[in-house]
Amino acid sequence: MVDDVELKHLRRCVELAAKALEAGDEPFGSVLVAGDGEVLAEDRNRVAGGDKTRHPEFELARWAAANMTSDERAMATVFTSGEHCPMCAAAHGWVGLGRIVYATSSQRLVAWLTELGVSASPVRPLPIQEIVPGVKVEGPVPELADQVRALHHRSHAKSKDPARQA
């Protein structure tokens with residue numbers, strides 16, 4: 001169960017996801033928080049340019065590897081609007097980041113996207129623990145499900161809009 005401070009970080013992730021959507025990208029956002037509670041970095045999805053590896057969790061793992069000691073990384077928490085995909089979970093594990101807290105699970109996201117008729121991802125949505133078995137993971141956080149769902153619905157409604165495809 002997340003506390004009020006952690007919920008604040010997750011709400012920021014949802015705000016970043018909304019900013020990604022406003023920028024024409026898929027709605028995902030993440031925040032990296034040090035063991036002492038200091039927000040170190042944040043990012044949003046940036047895959048619209050064609051590089052499908054530009055997930056915020058992956059970018060934060062790279063930032064952490066370049067800017068933090070291994071002990072600092074182990075004490076840090078990554079908050080994110082959606083559960084890490086396998087690529088991001090692997091990056092998290094390889095750089096030795098600590099805990100992950102996510103608002104919405106990959107399983108739930110897949111269900112929402114299926115309802116919308118969105119094609120399946122080319123990468124299987126595995127739970128984080130199947131990729132990085134030793135990492136502590138918390139989520140989903142039901143209080144944010146409706147907000148995250150609404151962002152994904154808006155995202156995919158836009159992608160089906162004929163005016164956007166011209």
# chains A, B, ... in the order shown; residues from 1 in each chain; ligands from 1

$ residues_around --residues "Ala34 of chain A" --least-positions-apart "2" --cutoff "7 Å" --atoms "only C-alpha atoms" --output "list of chain:residue names"
A:Leu32, A:Asp36, A:Gly37, A:Glu38, A:Val39, A:Leu40, A:Met75, A:Ala76, A:Thr77

$ residues_around --residues "Gly134 of chain A" --least-positions-apart "5" --cutoff "10 Å" --atoms "only C-alpha atoms" --output "number ranges by chain"
A: 93, 98-99, 128-129

$ closest_residue --among "A:Ser155, A:Thr53, A:Asn45, A:Thr104" --to "Leu16 of chain A" --atoms "only C-alpha atoms"
A:Asn45

$ closest_residue --among "A:Gly139, A:Gly49, A:Pro86, A:Gly96" --to "Ser121 of chain A" --atoms "only C-alpha atoms"
A:Pro86
